[in-house]
>>> print(open('upload_6.txt').read())   # compact mmCIF, C-alpha atoms
# COMPACT_ATOMS: atom_id res chain seq x y z
CA MET O 8 -33.28 -11.25 27.35
CA PHE O 9 -32.76 -10.43 31.01
CA ILE O 10 -35.47 -7.77 30.86
CA ASN O 11 -38.03 -10.25 29.44
CA PHE O 12 -37.20 -12.77 32.17
CA LYS O 13 -37.58 -10.13 34.84
CA LEU O 14 -40.87 -8.89 33.41
CA THR O 15 -42.27 -12.43 33.18
CA SER O 16 -41.22 -13.17 36.75
CA MET O 17 -42.92 -10.04 38.00
CA LEU O 18 -46.11 -10.78 36.10
CA SER O 19 -46.26 -14.31 37.48
CA LYS O 20 -46.41 -12.88 41.00
CA PHE O 21 -49.55 -10.99 40.17
CA ILE O 22 -51.29 -13.76 38.24
CA ARG O 23 -52.87 -16.24 40.61
CA THR O 24 -53.63 -19.77 39.63
CA PRO O 25 -56.53 -21.62 41.15
CA ARG O 26 -55.47 -23.47 44.19
CA SER O 27 -56.27 -27.07 44.44
CA GLY O 28 -54.98 -27.69 47.84
CA ARG O 29 -51.43 -27.10 46.90
CA SER O 30 -49.63 -23.93 46.45
CA ARG O 31 -48.09 -23.65 43.06
CA SER O 32 -46.15 -20.91 41.66
CA ARG O 33 -45.57 -20.73 37.97
CA SER O 34 -42.86 -18.86 36.26
CA PHE O 35 -42.62 -18.39 32.56
CA VAL O 36 -39.26 -17.79 31.11
CA THR O 37 -39.02 -16.71 27.55
CA ALA O 38 -35.99 -15.73 25.57
CA ALA O 39 -36.20 -12.78 23.30
CA PRO O 40 -35.94 -13.89 19.70
CA ARG O 41 -32.75 -12.89 17.95
CA PRO O 42 -33.54 -9.92 15.77
CA LEU O 43 -33.02 -10.73 12.15
CA GLN O 44 -30.64 -8.57 10.22
CA ASP O 45 -32.68 -6.17 8.22
CA LYS O 46 -31.77 -5.16 4.69
CA GLU O 47 -30.36 -1.78 5.74
CA THR O 48 -28.01 -3.34 8.29
CA ALA O 49 -26.83 -5.90 5.74
CA GLU O 50 -26.14 -3.14 3.22
CA THR O 51 -24.30 -1.13 5.88
CA CYS O 52 -22.14 -4.14 6.72
CA GLN O 53 -21.41 -4.71 3.04
CA ASN O 54 -20.50 -1.03 2.60
CA ILE O 55 -18.17 -1.21 5.61
CA LYS O 56 -16.47 -4.32 4.17
CA GLU O 57 -16.07 -2.59 0.80
CA ALA O 58 -14.64 0.50 2.49
CA ALA O 59 -12.17 -1.63 4.46
CA ASP O 60 -11.11 -3.38 1.25
CA ALA O 61 -10.69 0.01 -0.45
CA VAL O 62 -8.52 1.22 2.44
CA LYS O 63 -6.38 -1.94 2.19
CA GLU O 64 -6.01 -1.44 -1.57
CA GLY O 65 -5.15 2.23 -1.07
CA ALA O 66 -2.51 1.36 1.52
CA LYS O 67 -1.03 -1.21 -0.87
CA GLU O 68 -0.86 1.38 -3.66
CA VAL O 69 0.76 3.93 -1.33
CA ARG O 70 3.34 1.33 -0.28
CA GLU O 71 4.09 0.48 -3.94
CA THR O 72 4.35 4.17 -4.85
CA SER O 73 6.68 4.78 -1.90
CA GLU O 74 8.91 1.92 -3.01
CA PHE O 75 8.95 3.28 -6.58
CA ILE O 76 9.89 6.76 -5.37
CA LYS O 77 12.58 5.32 -3.09
CA ASP O 78 14.05 3.27 -5.95
CA THR O 79 13.93 6.24 -8.31
CA ALA O 80 15.63 8.51 -5.77
CA ALA O 81 18.33 5.90 -5.11
CA SER O 82 18.93 5.49 -8.84
CA ALA O 83 19.13 9.26 -9.33
CA ALA O 84 21.56 9.57 -6.41
CA LYS O 85 23.80 6.89 -7.94
CA LYS O 86 23.76 8.67 -11.30
CA VAL O 87 24.59 12.03 -9.72
CA THR O 88 27.40 10.45 -7.70
CA LYS O 89 28.84 8.84 -10.82
CA MET O 90 28.60 12.12 -12.76
CA THR O 91 30.23 14.01 -9.88
CA LYS O 92 33.13 11.55 -9.82
CA GLU O 93 33.59 11.93 -13.59
CA VAL O 94 33.54 15.73 -13.38
CA THR O 95 35.95 15.68 -10.44
CA GLU O 96 38.34 13.48 -12.39
CA ARG O 97 38.16 15.81 -15.40
CA VAL O 98 38.75 18.88 -13.24
CA THR O 99 41.71 17.13 -11.57
CA GLU O 100 43.17 16.25 -14.96
CA ALA O 101 42.72 19.83 -16.19
CA THR O 102 44.26 21.21 -13.01
CA ASP O 103 47.23 18.88 -13.35
CA ALA O 104 47.70 19.93 -16.99
CA ILE O 105 47.56 23.63 -16.05
CA LYS O 106 50.00 23.00 -13.19
CA GLU O 107 52.46 21.31 -15.55
CA LYS O 108 52.15 24.14 -18.06
CA THR O 109 52.64 26.66 -15.28
CA VAL O 110 55.70 24.84 -13.97
CA ASP O 111 57.09 24.68 -17.50
CA SER O 112 56.32 28.35 -18.04
CA VAL O 113 57.86 29.36 -14.74
CA SER O 114 60.87 27.16 -15.46
CA GLY O 115 61.10 28.71 -18.90
CA ALA O 116 60.73 32.18 -17.49
CA TRP O 117 63.28 31.40 -14.81
CA GLY O 118 65.61 30.07 -17.40
CA THR O 119 65.10 33.14 -19.58
CA ALA O 120 65.60 35.45 -16.62
CA LYS O 121 68.73 33.59 -15.61
CA ALA O 122 70.10 33.72 -19.16
CA THR O 123 69.26 37.41 -19.40
CA THR O 124 70.96 38.06 -16.08
CA GLU O 125 74.06 36.22 -17.30
CA ILE O 126 74.10 38.27 -20.50
CA ILE O 127 73.74 41.52 -18.55
CA LYS O 128 76.39 40.42 -16.08
CA ASP O 129 78.80 39.52 -18.90
CA LYS O 130 78.23 42.86 -20.60
CA ILE O 131 78.64 44.84 -17.41
CA VAL O 132 81.59 42.91 -16.04
CA GLY O 133 83.11 42.32 -19.46
CA LYS O 134 83.27 45.99 -20.21
>>> encode(input="upload_6.txt", output="structure tokens")
Amino acid sequence: MFINFKLTSMLSKFIRTPRSGRSRSRSFVTAAPRPLQDKETAETCQNIKEAADAVKEGAKEVRETSEFIKDTAASAAKKVTKMTKEVTERVTEATDAIKEKTVDSVSGAWGTAKATTEIIKDKIVGK
């Protein structure tokens, strides 16, 4: 628009109007018409809008997938923790049972050894 105004102003300096006793200077100011959107530009705009919508939809799907994976991982972690606790409890129970059997066995062995020692002592001293 500024270029058209400048060009018109410059042309008016070179175009002389007939003088009728007075000095007149005429300037013509025209505004450049707004270019209409052509079909290609409209299609390009539509394609850009569709691409932006596709990106938004893709981001939404990624967010939903991330939430699903996070929930699945949390659920799996809870299950593994629960299973680990159960296994730990079973191992503890088994260890306690073995410990009791061992204590009983050692007590039994100690008792047998003590009884055997008493028998030997009685036979040796009693002779």
>>> atom_distance(input="upload_6.txt", atom1="atom CA of Thr124 of chain O", atom2="atom CA of Ile105 of chain O")
27.5 Å
>>> atom_distance(input="upload_6.txt", atom1="atom CA of Glu100 of chain O", atom2="atom CA of Ala81 of chain O")
28.7 Å
>>> atom_distance(input="upload_6.txt", atom1="atom CA of Val94 of chain O", atom2="atom CA of Ile76 of chain O")
26.5 Å
>>> decode(input="upload_6.txt", residues="segment 78-93 of chain O", atoms="N, CA, C and O atoms", output="PDB file, in the first residue's frame")
ATOM      1  N   ASP O  78       0.078 -47.225  34.593  1.00  0.00           N
ATOM      2  CA  ASP O  78      -0.845 -47.999  35.430  1.00  0.00           C
ATOM      3  C   ASP O  78      -0.496 -49.479  35.414  1.00  0.00           C
ATOM      4  O   ASP O  78      -0.531 -50.152  36.451  1.00  0.00           O
ATOM      5  N   THR O  79      -0.145 -49.994  34.235  1.00  0.00           N
ATOM      6  CA  THR O  79       0.220 -51.399  34.120  1.00  0.00           C
ATOM      7  C   THR O  79       1.490 -51.695  34.912  1.00  0.00           C
ATOM      8  O   THR O  79       1.573 -52.713  35.610  1.00  0.00           O
ATOM      9  N   ALA O  80       2.472 -50.818  34.810  1.00  0.00           N
ATOM     10  CA  ALA O  80       3.725 -51.009  35.550  1.00  0.00           C
ATOM     11  C   ALA O  80       3.477 -50.950  37.056  1.00  0.00           C
ATOM     12  O   ALA O  80       4.023 -51.752  37.818  1.00  0.00           O
ATOM     13  N   ALA O  81       2.627 -50.023  37.494  1.00  0.00           N
ATOM     14  CA  ALA O  81       2.327 -49.913  38.924  1.00  0.00           C
ATOM     15  C   ALA O  81       1.619 -51.170  39.414  1.00  0.00           C
ATOM     16  O   ALA O  81       1.935 -51.695  40.488  1.00  0.00           O
ATOM     17  N   SER O  82       0.687 -51.665  38.606  1.00  0.00           N
ATOM     18  CA  SER O  82      -0.037 -52.888  38.976  1.00  0.00           C
ATOM     19  C   SER O  82       0.914 -54.079  39.049  1.00  0.00           C
ATOM     20  O   SER O  82       0.856 -54.875  39.996  1.00  0.00           O
ATOM     21  N   ALA O  83       1.801 -54.187  38.077  1.00  0.00           N
ATOM     22  CA  ALA O  83       2.779 -55.282  38.076  1.00  0.00           C
ATOM     23  C   ALA O  83       3.703 -55.186  39.287  1.00  0.00           C
ATOM     24  O   ALA O  83       4.021 -56.199  39.921  1.00  0.00           O
ATOM     25  N   ALA O  84       4.124 -53.971  39.622  1.00  0.00           N
ATOM     26  CA  ALA O  84       5.004 -53.777  40.781  1.00  0.00           C
ATOM     27  C   ALA O  84       4.294 -54.202  42.073  1.00  0.00           C
ATOM     28  O   ALA O  84       4.897 -54.852  42.935  1.00  0.00           O
ATOM     29  N   LYS O  85       3.005 -53.875  42.183  1.00  0.00           N
ATOM     30  CA  LYS O  85       2.247 -54.282  43.378  1.00  0.00           C
ATOM     31  C   LYS O  85       2.154 -55.802  43.457  1.00  0.00           C
ATOM     32  O   LYS O  85       2.309 -56.379  44.535  1.00  0.00           O
ATOM     33  N   LYS O  86       1.888 -56.436  42.303  1.00  0.00           N
ATOM     34  CA  LYS O  86       1.784 -57.900  42.292  1.00  0.00           C
ATOM     35  C   LYS O  86       3.110 -58.550  42.676  1.00  0.00           C
ATOM     36  O   LYS O  86       3.146 -59.503  43.447  1.00  0.00           O
ATOM     37  N   VAL O  87       4.208 -58.041  42.131  1.00  0.00           N
ATOM     38  CA  VAL O  87       5.531 -58.596  42.439  1.00  0.00           C
ATOM     39  C   VAL O  87       5.852 -58.396  43.924  1.00  0.00           C
ATOM     40  O   VAL O  87       6.373 -59.297  44.584  1.00  0.00           O
ATOM     41  N   THR O  88       5.521 -57.226  44.449  1.00  0.00           N
ATOM     42  CA  THR O  88       5.760 -56.959  45.873  1.00  0.00           C
ATOM     43  C   THR O  88       4.965 -57.931  46.742  1.00  0.00           C
ATOM     44  O   THR O  88       5.501 -58.492  47.708  1.00  0.00           O
ATOM     45  N   LYS O  89       3.708 -58.139  46.383  1.00  0.00           N
ATOM     46  CA  LYS O  89       2.866 -59.066  47.143  1.00  0.00           C
ATOM     47  C   LYS O  89       3.428 -60.489  47.083  1.00  0.00           C
ATOM     48  O   LYS O  89       3.532 -61.173  48.107  1.00  0.00           O
ATOM     49  N   MET O  90       3.828 -60.908  45.867  1.00  0.00           N
ATOM     50  CA  MET O  90       4.400 -62.250  45.715  1.00  0.00           C
ATOM     51  C   MET O  90       5.702 -62.379  46.503  1.00  0.00           C
ATOM     52  O   MET O  90       5.961 -63.412  47.130  1.00  0.00           O
ATOM     53  N   THR O  91       6.514 -61.352  46.490  1.00  0.00           N
ATOM     54  CA  THR O  91       7.784 -61.369  47.235  1.00  0.00           C
ATOM     55  C   THR O  91       7.527 -61.508  48.731  1.00  0.00           C
ATOM     56  O   THR O  91       8.218 -62.281  49.412  1.00  0.00           O
ATOM     57  N   LYS O  92       6.539 -60.781  49.232  1.00  0.00           N
ATOM     58  CA  LYS O  92       6.197 -60.895  50.659  1.00  0.00           C
ATOM     59  C   LYS O  92       5.754 -62.314  50.993  1.00  0.00           C
ATOM     60  O   LYS O  92       6.159 -62.874  52.018  1.00  0.00           O
ATOM     61  N   GLU O  93       4.906 -62.888  50.117  1.00  0.00           N
ATOM     62  CA  GLU O  93       4.433 -64.258  50.358  1.00  0.00           C
ATOM     63  C   GLU O  93       5.595 -65.255  50.369  1.00  0.00           C
ATOM     64  O   GLU O  93       5.680 -66.115  51.249  1.00  0.00           O
TER      65      GLU O  93
END
